[in-house]
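**Q** Hey, dropping coords34.txt in here, compact mmCIF, C-alpha atoms and all ligand atoms:
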# COMPACT_ATOMS: atom_id res chain seq x y z
CA MET A 1 0.00 0.00 0.00
CA GLY A 2 1.58 3.28 -1.03
CA LEU A 3 1.38 6.33 1.17
CA LEU A 4 -0.91 8.00 -1.28
CA ASP A 5 -3.66 5.42 -0.89
CA GLY A 6 -5.76 6.61 1.96
CA GLY A 7 -7.83 4.91 4.62
CA GLU A 8 -9.21 6.26 7.85
CA ALA A 9 -10.55 4.77 11.07
CA PRO A 10 -12.54 7.77 12.34
CA VAL A 11 -12.34 6.93 16.05
CA ASP A 12 -12.69 9.30 18.96
CA ASP A 13 -10.23 9.79 21.83
CA GLY A 14 -12.71 8.17 24.21
CA PRO A 15 -15.49 5.56 24.04
CA TRP A 16 -18.26 8.12 23.54
CA TYR A 17 -19.87 7.04 20.29
CA SER A 18 -18.69 3.43 20.33
CA TYR A 19 -16.22 1.49 22.46
CA GLU A 20 -13.47 2.05 19.92
CA THR A 21 -10.88 4.74 20.60
CA VAL A 22 -7.57 5.84 19.09
CA ASN A 23 -5.75 3.59 21.54
CA THR A 24 -7.94 0.49 21.04
CA THR A 25 -7.47 0.93 17.30
CA LEU A 26 -3.67 1.13 17.58
CA HIS A 27 -3.78 -1.95 19.83
CA ILE A 28 -5.86 -3.92 17.32
CA TYR A 29 -3.55 -2.90 14.46
CA LYS A 30 -0.30 -3.58 16.27
CA ASP A 31 -1.19 -6.76 18.11
CA PHE A 32 -3.67 -8.44 15.77
CA ILE A 33 -4.21 -7.03 12.28
CA VAL A 34 -0.54 -6.46 11.39
CA PRO A 35 0.50 -9.98 12.54
CA LEU A 36 -2.41 -11.46 10.55
CA LEU A 37 -1.35 -9.52 7.46
CA LYS A 38 2.23 -10.68 7.91
CA ASN A 39 0.97 -14.26 7.88
CA ASN A 40 -1.22 -13.58 4.83
CA PRO A 41 0.85 -11.20 2.73
CA ILE A 42 -1.06 -11.72 -0.50
CA ILE A 43 -4.23 -9.70 -0.60
CA GLU A 44 -5.85 -9.40 -4.00
CA ASN A 45 -8.81 -7.31 -2.95
CA PRO A 46 -10.69 -5.88 0.06
CA MET A 47 -12.77 -9.09 0.28
CA ASP A 48 -9.57 -11.06 1.05
CA PHE A 49 -8.74 -8.64 3.85
CA ILE A 50 -12.19 -8.97 5.45
CA LYS A 51 -11.82 -12.77 5.38
CA ILE A 52 -8.40 -12.59 7.02
CA VAL A 53 -9.54 -10.31 9.86
CA SER A 54 -12.88 -12.05 10.39
CA LYS A 55 -11.44 -13.95 13.35
CA ILE A 56 -11.12 -10.64 15.19
CA ARG A 57 -14.45 -10.00 16.88
CA GLY A 58 -15.79 -6.46 16.92
CA HIS A 59 -13.56 -3.41 16.31
CA PRO A 60 -15.35 -2.45 13.08
CA MET A 61 -13.78 0.99 12.78
CA ALA A 62 -10.25 -0.41 13.08
CA LYS A 63 -11.02 -2.94 10.35
CA ALA A 64 -12.74 -0.29 8.21
CA GLY A 65 -9.68 1.99 8.32
CA ILE A 66 -7.61 -0.59 6.46
CA GLU A 67 -10.43 -1.95 4.32
CA PHE A 68 -11.01 1.61 3.04
CA ALA A 69 -7.35 2.02 2.05
CA LEU A 70 -7.51 -1.29 0.19
CA TRP A 71 -10.62 -0.14 -1.70
CA ASP A 72 -8.83 3.04 -2.77
CA LEU A 73 -5.86 1.00 -3.94
CA TYR A 74 -8.06 -1.63 -5.61
CA ALA A 75 -10.03 1.01 -7.52
CA LYS A 76 -6.83 2.75 -8.62
CA ARG A 77 -5.40 -0.55 -9.86
CA HIS A 78 -8.57 -0.98 -11.92
CA LYS A 79 -8.31 2.67 -13.03
CA GLN A 80 -11.86 3.26 -11.88
CA PRO A 81 -13.56 5.73 -9.59
CA LEU A 82 -14.41 3.85 -6.40
CA TYR A 83 -18.12 4.72 -6.59
CA ARG A 84 -18.43 2.96 -9.95
CA LEU A 85 -16.71 -0.13 -8.66
CA LEU A 86 -19.19 -0.23 -5.75
CA GLY A 87 -22.20 0.03 -8.05
CA GLY A 88 -22.95 3.71 -7.52
CA VAL A 89 -25.63 5.14 -9.78
CA ARG A 90 -25.01 8.90 -9.66
CA ASP A 91 -22.03 11.20 -9.81
CA TYR A 92 -23.24 13.54 -7.07
CA VAL A 93 -24.48 13.11 -3.52
CA GLU A 94 -26.98 15.19 -1.60
CA SER A 95 -25.74 16.83 1.54
CA GLY A 96 -27.50 17.77 4.75
CA VAL A 97 -26.14 19.56 7.79
CA SER A 98 -26.11 18.27 11.35
CA ILE A 99 -26.31 20.87 14.10
CA GLY A 100 -25.34 20.09 17.71
CA ILE A 101 -27.26 21.13 20.83
CA ILE A 102 -27.09 24.93 20.67
CA GLY A 103 -29.43 25.57 23.59
CA ASP A 104 -30.42 29.06 22.46
CA TYR A 105 -33.25 29.65 19.98
CA ASP A 106 -31.86 32.79 18.33
CA ARG A 107 -28.44 31.24 17.77
CA LEU A 108 -30.08 28.09 16.44
CA ILE A 109 -32.15 30.06 13.91
CA LYS A 110 -29.06 32.02 12.84
CA ALA A 111 -27.06 28.79 12.37
CA ILE A 112 -29.83 27.21 10.29
CA SER A 113 -30.16 30.31 8.07
CA HIS A 114 -26.42 30.20 7.50
CA TYR A 115 -26.37 26.52 6.47
CA LEU A 116 -29.47 26.85 4.28
CA ASP A 117 -27.73 29.76 2.53
CA GLU A 118 -24.70 27.52 1.98
CA GLY A 119 -27.01 25.14 0.13
CA TYR A 120 -27.43 22.19 2.51
CA ARG A 121 -30.53 20.24 1.50
CA ARG A 122 -31.86 19.28 4.89
CA VAL A 123 -31.32 20.26 8.47
CA LYS A 124 -30.78 17.83 11.31
CA ILE A 125 -30.68 19.01 14.87
CA LYS A 126 -29.48 17.03 17.84
CA ILE A 127 -32.04 16.79 20.63
CA LYS A 128 -31.93 15.81 24.30
CA PRO A 129 -34.42 15.98 27.18
CA GLY A 130 -35.29 19.67 27.61
CA TRP A 131 -34.18 20.59 24.06
CA ASP A 132 -36.56 18.79 21.74
CA ILE A 133 -40.13 19.97 21.07
CA GLY A 134 -39.21 23.64 21.69
CA PRO A 135 -36.55 23.98 18.99
CA VAL A 136 -38.57 21.93 16.47
CA LYS A 137 -41.62 24.15 17.00
CA ARG A 138 -39.48 27.26 16.61
CA ILE A 139 -37.79 25.98 13.43
CA ARG A 140 -41.16 25.15 11.86
CA LYS A 141 -42.38 28.68 12.75
CA GLU A 142 -39.30 30.38 11.25
CA PHE A 143 -38.62 28.18 8.22
CA GLY A 144 -41.94 26.48 7.45
CA ASP A 145 -41.78 23.13 5.77
CA ILE A 146 -37.98 22.70 5.31
CA PRO A 147 -36.66 19.12 5.27
CA LEU A 148 -35.99 18.64 8.98
CA GLN A 149 -35.02 15.69 11.14
CA VAL A 150 -33.84 15.19 14.71
CA ASP A 151 -31.18 12.96 16.24
CA ALA A 152 -31.33 12.02 19.91
CA ASN A 153 -28.07 10.04 20.09
CA ALA A 154 -29.77 7.57 22.45
CA ALA A 155 -30.68 10.25 25.02
CA TYR A 156 -34.21 9.02 25.84
CA GLU A 157 -35.97 6.04 27.38
CA LEU A 158 -39.22 4.33 26.45
CA ARG A 159 -41.01 6.20 29.28
CA ASP A 160 -40.31 9.43 27.30
CA LYS A 161 -42.46 8.19 24.42
CA HIS A 162 -44.90 11.12 24.85
CA ILE A 163 -42.13 13.45 23.56
CA PHE A 164 -42.01 11.51 20.29
CA ILE A 165 -45.78 11.28 20.03
CA GLU A 166 -45.75 15.09 20.24
CA LEU A 167 -42.86 15.41 17.74
CA ASP A 168 -44.88 13.20 15.38
CA LYS A 169 -47.07 16.25 14.65
CA TYR A 170 -44.23 18.26 13.06
CA GLY A 171 -43.73 16.42 9.78
CA LEU A 172 -40.14 15.42 10.49
CA LEU A 173 -38.31 13.38 7.85
CA MET A 174 -37.25 10.99 10.60
CA ILE A 175 -36.35 10.67 14.27
CA GLU A 176 -32.87 9.24 14.72
CA GLN A 177 -31.82 6.90 17.53
CA PRO A 178 -34.17 8.02 20.30
CA PHE A 179 -33.41 5.13 22.67
CA HIS A 180 -30.43 3.14 23.94
CA TYR A 181 -27.48 2.66 21.58
CA GLU A 182 -27.91 -1.11 21.59
CA ASP A 183 -31.70 -1.29 21.61
CA LEU A 184 -33.90 -2.72 18.90
CA TYR A 185 -36.94 -3.88 20.91
CA GLU A 186 -38.01 -0.58 22.53
CA HIS A 187 -37.63 1.21 19.21
CA SER A 188 -40.07 -1.32 17.72
CA ILE A 189 -42.63 -0.34 20.37
CA LEU A 190 -42.20 3.37 19.61
CA GLN A 191 -42.35 2.88 15.83
CA LYS A 192 -45.83 1.38 16.24
CA LEU A 193 -46.99 4.53 18.07
CA ILE A 194 -45.77 7.14 15.58
CA LYS A 195 -45.90 7.58 11.82
CA THR A 196 -42.62 9.52 11.58
CA PRO A 197 -39.96 7.03 10.47
CA ILE A 198 -37.50 5.98 13.15
CA CYS A 199 -33.96 5.91 11.81
CA LEU A 200 -31.39 3.85 13.67
CA ASP A 201 -27.73 4.76 13.75
CA GLU A 202 -25.77 3.42 16.78
CA SER A 203 -28.01 0.33 17.12
CA ILE A 204 -27.07 -0.98 13.65
CA LYS A 205 -23.53 -2.27 13.87
CA SER A 206 -23.79 -5.06 11.30
CA ILE A 207 -26.12 -6.82 8.87
CA TYR A 208 -27.36 -8.92 11.80
CA ASP A 209 -28.65 -5.84 13.63
CA ALA A 210 -30.21 -4.60 10.38
CA MET A 211 -32.00 -7.90 9.79
CA ALA A 212 -33.33 -8.00 13.37
CA ALA A 213 -34.41 -4.35 13.29
CA ILE A 214 -36.30 -4.80 10.02
CA ALA A 215 -37.97 -8.01 11.24
CA LEU A 216 -39.00 -6.34 14.52
CA GLY A 217 -40.25 -3.17 12.83
CA SER A 218 -37.82 -1.05 14.87
CA LEU A 219 -37.12 1.38 12.03
CA LYS A 220 -38.12 2.64 8.62
CA VAL A 221 -34.75 4.17 7.68
CA ILE A 222 -31.11 3.27 8.39
CA ASN A 223 -28.24 5.70 8.84
CA VAL A 224 -25.29 3.65 7.61
CA LYS A 225 -21.91 4.91 8.69
CA PRO A 226 -19.48 2.80 6.68
CA ALA A 227 -16.85 2.88 9.46
CA ARG A 228 -19.38 1.91 12.15
CA VAL A 229 -20.32 -1.29 10.32
CA GLY A 230 -16.73 -2.33 9.52
CA GLY A 231 -16.23 -0.97 6.02
CA LEU A 232 -17.68 -0.80 2.54
CA LEU A 233 -18.36 -4.51 2.06
CA GLU A 234 -20.67 -4.58 5.08
CA THR A 235 -22.17 -1.25 3.93
CA ILE A 236 -23.10 -2.85 0.60
CA THR A 237 -24.51 -5.94 2.34
CA ILE A 238 -26.75 -3.79 4.54
CA HIS A 239 -27.66 -1.56 1.59
CA ASP A 240 -28.74 -4.53 -0.55
CA TYR A 241 -30.71 -6.19 2.25
CA ALA A 242 -32.48 -2.94 3.12
CA LEU A 243 -33.31 -2.35 -0.55
CA LYS A 244 -34.91 -5.79 -0.77
CA HIS A 245 -37.08 -4.89 2.23
CA ASN A 246 -38.01 -1.39 1.04
CA ILE A 247 -36.04 0.31 3.78
CA PRO A 248 -34.17 3.35 2.43
CA ILE A 249 -30.79 4.28 3.82
CA TRP A 250 -28.54 7.31 3.90
CA ILE A 251 -24.88 7.74 4.76
CA GLY A 252 -23.77 9.23 8.05
CA GLY A 253 -20.35 10.24 9.23
CA MET A 254 -17.97 10.50 12.15
CA LEU A 255 -16.37 13.89 11.42
CA GLU A 256 -13.99 12.21 9.00
CA THR A 257 -11.14 14.07 7.35
CA GLY A 258 -11.20 14.40 3.59
CA ILE A 259 -9.89 10.84 3.29
CA GLY A 260 -12.75 9.18 5.19
CA ARG A 261 -15.17 11.53 3.46
CA GLY A 262 -14.18 10.02 0.13
CA PHE A 263 -15.54 6.65 1.22
CA GLN A 264 -18.74 8.21 2.56
CA VAL A 265 -19.23 9.97 -0.76
CA ALA A 266 -18.69 6.76 -2.75
CA ALA A 267 -21.18 4.88 -0.52
CA ALA A 268 -23.75 7.65 -0.90
CA THR A 269 -23.96 7.04 -4.67
CA LEU A 270 -25.59 3.62 -4.10
CA PRO A 271 -29.15 3.31 -5.46
CA ASN A 272 -30.97 2.79 -2.14
CA VAL A 273 -29.58 6.00 -0.63
CA LYS A 274 -32.80 8.01 -0.63
CA TYR A 275 -32.20 10.91 1.78
CA PRO A 276 -29.58 13.66 2.03
CA ASN A 277 -26.46 12.46 3.82
CA ASP A 278 -24.44 13.73 6.77
CA ILE A 279 -21.55 14.53 4.47
CA SER A 280 -20.54 18.13 4.77
CA ALA A 281 -17.95 20.35 3.16
CA SER A 282 -14.39 20.03 4.45
CA LYS A 283 -14.52 23.57 5.80
CA ARG A 284 -17.43 22.73 8.13
CA TYR A 285 -15.02 20.94 10.49
CA TYR A 286 -11.48 21.56 9.25
CA GLU A 287 -9.48 24.74 8.74
CA GLU A 288 -7.00 22.85 6.63
CA GLU A 289 -7.71 19.67 4.70
CA ILE A 290 -5.29 16.77 4.29
CA VAL A 291 -6.59 16.06 0.78
CA GLU A 292 -6.64 18.05 -2.42
CA PRO A 293 -9.07 19.28 -3.56
CA PRO A 294 -11.09 19.76 -0.36
CA TRP A 295 -14.69 18.52 -0.43
CA GLU A 296 -17.11 21.26 -1.35
CA ILE A 297 -20.87 21.72 -1.40
CA THR A 298 -22.41 23.42 -4.40
CA SER A 299 -24.92 26.19 -3.83
CA ASP A 300 -27.70 23.66 -4.44
CA GLY A 301 -26.48 21.28 -1.74
CA ILE A 302 -24.66 18.56 -3.58
CA ILE A 303 -21.13 17.19 -3.60
CA ARG A 304 -19.81 16.21 -7.01
CA VAL A 305 -18.16 12.81 -7.03
CA PRO A 306 -14.72 13.09 -8.64
CA ASN A 307 -14.40 11.13 -11.85
CA LYS A 308 -10.90 9.92 -11.01
CA PRO A 309 -9.55 6.53 -9.93
CA GLY A 310 -10.01 5.60 -6.26
CA ILE A 311 -11.71 8.08 -3.93
CA GLY A 312 -10.72 10.77 -6.41
CA VAL A 313 -8.86 13.15 -4.13
CA GLU A 314 -5.15 13.27 -3.47
CA VAL A 315 -3.81 12.65 0.02
CA LEU A 316 -1.33 15.41 0.90
CA GLU A 317 1.56 13.65 2.59
CA ASP A 318 3.08 16.80 4.04
CA ARG A 319 -0.22 17.75 5.69
CA VAL A 320 -0.65 14.25 7.09
CA GLU A 321 2.89 14.53 8.46
CA LYS A 322 2.14 17.95 9.94
CA TYR A 323 -0.82 16.66 11.94
CA THR A 324 0.57 13.24 12.87
CA VAL A 325 0.81 12.73 16.62
CA LYS A 326 1.95 9.11 16.73
CA LYS A 327 3.26 6.84 14.02
CA LEU A 328 2.82 3.10 13.66
CA SER A 329 5.11 1.78 10.92
CA PHE A 330 5.26 -1.74 9.69
CA LYS A 331 6.41 -3.62 6.64
CA ILE A 332 4.87 -6.72 5.16
CA GLN A 333 7.53 -9.11 3.81
MG MG A 401 -26.81 9.80 14.75
What does this structure look like when you write it as structure tokens?

**A**
Amino acid sequence: MGLLDGGEAPVDDGPWYSYETVNTTLHIYKDFIVPLLKNNPIIENPMDFIKIVSKIRGHPMAKAGIEFALWDLYAKRHKQPLYRLLGGVRDYVESGVSIGIIGDYDRLIKAISHYLDEGYRRVKIKIKPGWDIGPVKRIRKEFGDIPLQVDANAAYELRDKHIFIELDKYGLLMIEQPFHYEDLYEHSILQKLIKTPICLDESIKSIYDAMAAIALGSLKVINVKPARVGGLLETITIHDYALKHNIPIWIGGMLETGIGRGFQVAAATLPNVKYPNDISASKRYYEEEIVEPPWEITSDGIIRVPNKPGIGVEVLEDRVEKYTVKKLSFKIQ
């Protein structure tokens, strides 16, 4: 793998979104994935890699980081844009913006105006107990019928169901992950009480969660974060299964750099991606990108998919060097 082929495991410094962290990822690479690769030095494609690491349970983001890099390399070897190799059906992806808990109505309205002006096609706000019906009501009053959804990041319990029965009146595109980050059952109870689609994010870690959630009626939409489910192969498996069951998906993100964003973009070109994605412009989170060109949103809220081999952007080695905190080097053979 050359330095210019990029992969990214978009983990946090602590176990706040999932149990994986920077340190658990380094541990899995150093102590398990690298030794496995040394024992299996011939990898023809990303499918081979997934087979080799399948004996490692869990740690999807660690696996995804390397699987992504192999996809970039594989697509470049085939001189094809990655999205085409995956079966993507469009050369643009729709982009929505995700806004954290602002806690102040005027600042919230200002932020939304700003992002709508930038072109984002839908607005998602994070909600938590005490900051839920109020901001939604206010947004509907200020902006009318804009495409709007909320994301609770597992902040509620089933006994809070009245909040969602109330939110059901506001024509939201979906309500994301209201209950526990591992739950499927309680979500199935709520979905029967409201017509707004429930979208699960944290609860869907693999195809097995997706199959159970669909069978239980726990959701009507899935937010697939390719890194959360272990890479692009699992993303495609979930995508295809959901399509067969008439469950649309969209692609979410983990504040990836421009490298990880390339894989989100490629995944978002798949046919069953039916909603705007949490894929924003580079400048939304980063002052300086580590890829060239940076990812940009057009004034009508889309990201153009580069028609170049691999993820289609160039990894800037000097920038990667500049921001590197710790290096793990290894050689195979
Ligand atoms: Mg979410």

**Q** Have a look at A:Asp31, A:Glu202, A:Glu256, A:Asp5 and name the one nearest to ligand MG 401 (chain A); count all atoms listed in the file.

**A** A:Glu202

**Q** Atom CA of Ser280 of chain A and atom CA of Val150 of chain A, how far apart in Å?

**A**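 Computing it gives 16.9 Å between the two atoms.
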
**Q** Which residues of chain A sit at most 8 Å from ligand MG 401 (chain A), using only C-alpha atoms and all ligand atoms? Give each one's shortest atom pair and distance in Å (one decimal place), in chain and ascending residue order, as JSON lines.

**A**
{"residue": "A:Asp151", "atom": "CA", "partner": "A:MG401", "partner_atom": "MG", "distance": 5.6}
{"residue": "A:Ala152", "atom": "CA", "partner": "A:MG401", "partner_atom": "MG", "distance": 7.2}
{"residue": "A:Asn153", "atom": "CA", "partner": "A:MG401", "partner_atom": "MG", "distance": 5.5}
{"residue": "A:Glu176", "atom": "CA", "partner": "A:MG401", "partner_atom": "MG", "distance": 6.1}
{"residue": "A:Gln177", "atom": "CA", "partner": "A:MG401", "partner_atom": "MG", "distance": 6.4}
{"residue": "A:Leu200", "atom": "CA", "partner": "A:MG401", "partner_atom": "MG", "distance": 7.6}
{"residue": "A:Asp201", "atom": "CA", "partner": "A:MG401", "partner_atom": "MG", "distance": 5.2}
{"residue": "A:Glu202", "atom": "CA", "partner": "A:MG401", "partner_atom": "MG", "distance": 6.8}
{"residue": "A:Asn223", "atom": "CA", "partner": "A:MG401", "partner_atom": "MG", "distance": 7.3}
{"residue": "A:Gly252", "atom": "CA", "partner": "A:MG401", "partner_atom": "MG", "distance": 7.4}

**Q** Find the residues with any atom within 12 Å of (-10.5, -12.8, 11.0); use all atoms listed in the file and the coordinates as given in the file, and write the answer as a list in words.

**A**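 Within 12 Å of (-10.5, -12.8, 11.0), the protein and nucleic acid residues are Ile28, Phe32, Ile33, Val34, Pro35, Leu36, Leu37, Asn39, Asn40, Met47, Asp48, Phe49, Ile50, Lys51, Ile52, Val53, Ser54, Lys55, Ile56, Arg57, Gly58, His59, Pro60 and Lys63 of chain A.
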
**Q** I'd like the contact shell of segment 286-293 of chain A - 6 Å cut-off, only C-alpha atoms, skipping same-chain residues fewer than 3 positions apart - returned as JSON, numbers by chain.

**A** {"A": [258, 282, 283, 313, 314, 315, 316, 319, 320]}

**Q** Excluding segment 210-219 of chain A and its own-chain neighbours fewer than 3 positions away, which residues fall within 9 Å of it when counting only C-alpha atoms? Please give them as number ranges by chain.

**A** A: 184-192, 197-200, 203-207, 222, 238, 241-242, 245, 247

**Q** Quick one: residues within 12 Å of Ile102 of chain A, only C-alpha atoms, excluding same-chain residues fewer than 4 positions away - as a PyMOL selection string?

**A** chain A and resi 98+106-112+125-128+130-132+135

**Q** Write a file of the just-selected residues containing C-alpha atoms, as a PDB file, keeping the file's coordinate frame.

**A**
ATOM      1  CA  SER A  98     -26.110  18.270  11.350  1.00  0.00           C
ATOM      2  CA  ASP A 106     -31.860  32.790  18.330  1.00  0.00           C
ATOM      3  CA  ARG A 107     -28.440  31.240  17.770  1.00  0.00           C
ATOM      4  CA  LEU A 108     -30.080  28.090  16.440  1.00  0.00           C
ATOM      5  CA  ILE A 109     -32.150  30.060  13.910  1.00  0.00           C
ATOM      6  CA  LYS A 110     -29.060  32.020  12.840  1.00  0.00           C
ATOM      7  CA  ALA A 111     -27.060  28.790  12.370  1.00  0.00           C
ATOM      8  CA  ILE A 112     -29.830  27.210  10.290  1.00  0.00           C
ATOM      9  CA  ILE A 125     -30.680  19.010  14.870  1.00  0.00           C
ATOM     10  CA  LYS A 126     -29.480  17.030  17.840  1.00  0.00           C
ATOM     11  CA  ILE A 127     -32.040  16.790  20.630  1.00  0.00           C
ATOM     12  CA  LYS A 128     -31.930  15.810  24.300  1.00  0.00           C
ATOM     13  CA  GLY A 130     -35.290  19.670  27.610  1.00  0.00           C
ATOM     14  CA  TRP A 131     -34.180  20.590  24.060  1.00  0.00           C
ATOM     15  CA  ASP A 132     -36.560  18.790  21.740  1.00  0.00           C
ATOM     16  CA  PRO A 135     -36.550  23.980  18.990  1.00  0.00           C
TER      17      PRO A 135
END

**Q** Please, what distance in Å, to one decimal, runs between atom CA of Ala281 of chain A and atom CA of Ser95 of chain A?

**A** 8.7 Å

**Q** Between A:Lys124, A:Lys274, A:Ala9, A:Ile66, which one has atoms that come closest to Gly100 of chain A, using only C-alpha atoms?

**A**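 So, comparing all the options, the nearest one is A:Lys124.
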
**Q** Find the residue from A:Arg228, A:Arg159, A:His239, A:Lys308 that sits nearest to His78 of chain A; use all atoms listed in the file when measuring.

**A**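 Among the listed residues, the smallest separation from His78 of chain A belongs to A:Lys308.
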
**Q** So which residues touch Glu94 of chain A within 12 Å, counting all atoms listed in the file, skipping near sequence neighbours fewer than 6 positions away, as a ChimeraX atom specification?

**A** /A:119-122,250-252,264-270,273-281,296-305

**Q** For Glu44 of chain A, which residue out of A:Asn246, A:Val325, A:Gln149, A:Tyr74 is the nearest one, using all atoms listed in the file?

**A**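 The closest residue to Glu44 of chain A is A:Tyr74.
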
**Q** Pick out the closest residue to His114 of chain A from this set: A:Val224, A:Val97, A:Lys161, A:Lys79. Count only C-alpha atoms.

**A**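 Nearest candidate to His114 of chain A out of A:Val224, A:Val97, A:Lys161, A:Lys79: A:Val97.
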
**Q** From the options A:Thr196, A:Gly260, A:Val22, A:Glu157, which residue's atoms come nearest to Ala227 of chain A, counting all atoms listed in the file?

**A**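 Smallest distance to Ala227 of chain A is found for A:Gly260.
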
**Q** So what do you get for atom CA of Pro147 of chain A versus atom CA of Val123 of chain A, distance-wise?

**A**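 A separation of 6.3 Å between them.
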
**Q** What would segment 84-90 of chain A look like with all heavy atoms in place, written as an mmCIF file, in the frame of the given file?

**A**
data_model
loop_
_atom_site.group_PDB
_atom_site.id
_atom_site.type_symbol
_atom_site.label_atom_id
_atom_site.label_comp_id
_atom_site.auth_asym_id
_atom_site.auth_seq_id
_atom_site.Cartn_x
_atom_site.Cartn_y
_atom_site.Cartn_z
ATOM 1 N N ARG A 84 -17.957 3.813 -8.851
ATOM 2 C CA ARG A 84 -18.430 2.960 -9.950
ATOM 3 C C ARG A 84 -18.192 1.498 -9.644
ATOM 4 O O ARG A 84 -19.031 0.645 -9.924
ATOM 5 C CB ARG A 84 -17.742 3.335 -11.241
ATOM 6 C CG ARG A 84 -18.350 4.580 -11.800
ATOM 7 C CD ARG A 84 -18.328 4.556 -13.332
ATOM 8 N NE ARG A 84 -18.220 5.922 -13.765
ATOM 9 C CZ ARG A 84 -17.231 6.400 -14.479
ATOM 10 N NH1 ARG A 84 -16.268 5.609 -14.900
ATOM 11 N NH2 ARG A 84 -17.212 7.660 -14.795
ATOM 12 N N LEU A 85 -17.051 1.242 -9.030
ATOM 13 C CA LEU A 85 -16.710 -0.130 -8.660
ATOM 14 C C LEU A 85 -17.719 -0.688 -7.647
ATOM 15 O O LEU A 85 -18.035 -1.871 -7.637
ATOM 16 C CB LEU A 85 -15.316 -0.114 -8.038
ATOM 17 C CG LEU A 85 -14.433 -1.319 -8.222
ATOM 18 C CD1 LEU A 85 -14.134 -1.537 -9.694
ATOM 19 C CD2 LEU A 85 -13.119 -1.106 -7.469
ATOM 20 N N LEU A 86 -18.238 0.203 -6.791
ATOM 21 C CA LEU A 86 -19.190 -0.230 -5.750
ATOM 22 C C LEU A 86 -20.601 -0.417 -6.300
ATOM 23 O O LEU A 86 -21.461 -0.972 -5.634
ATOM 24 C CB LEU A 86 -19.256 0.802 -4.616
ATOM 25 C CG LEU A 86 -17.978 1.064 -3.815
ATOM 26 C CD1 LEU A 86 -18.256 2.089 -2.726
ATOM 27 C CD2 LEU A 86 -17.437 -0.214 -3.195
ATOM 28 N N GLY A 87 -20.849 0.110 -7.495
ATOM 29 C CA GLY A 87 -22.200 0.030 -8.050
ATOM 30 C C GLY A 87 -22.998 1.315 -7.872
ATOM 31 O O GLY A 87 -24.227 1.300 -7.905
ATOM 32 N N GLY A 88 -22.283 2.410 -7.666
ATOM 33 C CA GLY A 88 -22.950 3.710 -7.520
ATOM 34 C C GLY A 88 -23.697 4.095 -8.783
ATOM 35 O O GLY A 88 -23.295 3.707 -9.879
ATOM 36 N N VAL A 89 -24.788 4.834 -8.623
ATOM 37 C CA VAL A 89 -25.630 5.140 -9.780
ATOM 38 C C VAL A 89 -25.712 6.631 -10.101
ATOM 39 O O VAL A 89 -26.447 7.034 -10.986
ATOM 40 C CB VAL A 89 -27.068 4.600 -9.578
ATOM 41 C CG1 VAL A 89 -27.071 3.080 -9.588
ATOM 42 C CG2 VAL A 89 -27.699 5.146 -8.291
ATOM 43 N N ARG A 90 -24.988 7.461 -9.346
ATOM 44 C CA ARG A 90 -25.010 8.900 -9.660
ATOM 45 C C ARG A 90 -23.656 9.508 -9.341
ATOM 46 O O ARG A 90 -22.918 8.969 -8.514
ATOM 47 C CB ARG A 90 -26.131 9.611 -8.871
ATOM 48 C CG ARG A 90 -26.027 9.510 -7.385
ATOM 49 C CD ARG A 90 -27.267 10.051 -6.690
ATOM 50 N NE ARG A 90 -28.248 9.000 -6.456
ATOM 51 C CZ ARG A 90 -28.224 8.183 -5.414
ATOM 52 N NH1 ARG A 90 -27.294 8.296 -4.509
ATOM 53 N NH2 ARG A 90 -29.144 7.246 -5.266
#
